[in-house]
Every structure is written in C-alpha cells, then in structure tokens.
Amino acid sequence: MITDISWLGVDIHSHLLPGIDDGAKDTAEAVSYIKSLQELGFSKLICTPHIFTEIYPNTAATIMPALQLVRDVLKVEKIKMEIEAAAEYMIDETFSAKGDYLCLPERHLLIEMSYLNETPNIEQVIFDLQIKGYKVILAHPERYNFYHMNFNRYHRLKSMGCLFQLNLLSVLGYYGKQVKTAADFLLNQKYYDFAGTDLHHDKHLITLRNAVHDGTLYGLVGKYEFKNKEFSETK
C-alpha cells in the first residue's frame, strides 16, 4: 500500500502564497501548509494564486514578492522545498490577451472559468493563446457544473489540444457526487494531463492527508500517467 504522494511529485496548482487570494492567510499558515505537503511526499510546489480582476487583481507585482517572502522564511527555518509561482487566470470579459502571463514551466498557462456558466468565447480564447505558443491547461474541468449534462464539451476541448488538470479532492467526492462522476469519466477517457491539490485551507489539507495516508488516493489515481514530474527540473 502506497501511503505518500511521491508518485505525483510536483503540485502544479495551489494557493499557498500568503494574503493575496483566498488561500493561505499569512506566512505562518503558508509555511505550515508547505511543510505538510512536503511530509506527504511532494518535492516541488508551483503556487498558482488567482488572477481575477473583480476579486483578486493580482499581477507579478503582488505574486513575486509573496513568493520571495515565503522562500525567505523557508530558508530561515531550513525547510528544503522547491517552490515556484505561476497563476490561475480567470477567463472572463476582463481577461487580457496582451500576454506576459505568469506561466507554469514551458509556457503552460493555467486557466479557469466560473463554475456557473461557460465563458462564451472560451474556444476562441484557447485558440488565440495556442497560436501565441501557450500550452493551455484548464483547471479542474470536472468542477464546471454546466458540463455535467454535456460531456461532449470535454471532447471538443480535448480535440482542440486543451490540457486538463484534475483536482485530487474531486475523486474523493469532496466536491459532490456529480463532480466525482465527471472526474471518473475524464480519467476513464485518459483526458487528464496533470493533477493538483488546489489547496486553499485546512479542510482541503486534512482531506488530502487522510486519503494519502490510508492509501485511498493512490488506489484511485496513483497509477494514472500524470505529467507533473515533467516539471520537476524546469522553471
């Protein structure tokens, strides 16, 4: 029985940078989460704070200092964890196509939509980003309620070359039965490319920790060929 998460290795989606979105509230909480994720077996964390104009209008000017602050504390506390930062971009009418995005390695760009309605021009946005050389990753596609009665939309986005990122808690039923059903479908279709914790708070951490330690998470997705480790040596 596998009771750690070293099989995934790199977390590409989390909200650990303090005080800039709905994730970690302060540096102490951020460091506590990082230590816990390290103990679970992660070797690298790529933090992805929200960039959402109406609620979290983050930019590199808010994100990179928060990253450096956390790195400084980790150094003082002698915690050897590689930590980077990108962002999770809300695709709405305020999303800028000007570029200069905070990307995951190799120009991978993490995007999301509202959980209530599909962004009307989402296909065009993805296409335009791809033309500019970005590798678009749609965060937690299983959580978009408007796709639960229309799985053909998943087929369409994958046919466009859009990459999918699973929230690990989805397969545990954390977000509800319909989300788990959608996640199971996408896993069966081999549509996921990456997985992430999407860690925001203590409840997320406790649920994740329990599922890792009792082997449940490995049993559900541990043998799936996620590409997270491709980011282990890149920045």
# chains A, B, ... in the order shown; residues from 1 in each chain; ligands from 1

call {"tool": "select_by_dssp", "arguments": {"residues": "region 25-219 of chain A", "states": "strand (DSSP E)", "output": "NGL selection string"}}
result
:A and (44-47 or 50-51 or 82-85 or 88-90 or 108-112 or 135-139 or 163-167 or 192-196)

call {"tool": "closest_residue", "arguments": {"among": "A:Lys132, A:Lys158, A:His213, A:Lys227", "to": "Ile5 (chain A)", "atoms": "only C-alpha atoms"}}
result
A:His213

call {"tool": "residues_around", "arguments": {"residues": "Arg153 (chain A)", "least_positions_apart": "6", "cutoff": "12 Å", "atoms": "only C-alpha atoms", "output": "list of chain:residue names"}}
result
A:Glu118, A:Ile122, A:Glu123, A:Pro141, A:Glu142, A:Tyr144, A:Asn145, A:Phe146, A:Tyr147, A:Ser159, A:Met160, A:Cys162, A:Ala182, A:Leu186

call {"tool": "residues_around", "arguments": {"residues": "Val31 (chain A)", "least_positions_apart": "4", "cutoff": "10 Å", "atoms": "only C-alpha atoms", "output": "VMD selection string"}}
result
chain A and resid 16 to 18 24 26 to 27 35 to 37 70 to 71 73 to 74 77 79

call {"tool": "select_by_dssp", "arguments": {"residues": "region 58-95 of chain A", "states": "alpha helix (DSSP H)", "output": "PyMOL selection string"}}
result
chain A and resi 60-76

call {"tool": "residues_around", "arguments": {"residues": "Arg107 (chain A)", "least_positions_apart": "3", "cutoff": "10 Å", "atoms": "only C-alpha atoms", "output": "PyMOL selection string"}}
result
chain A and resi 101-104+110+132-136
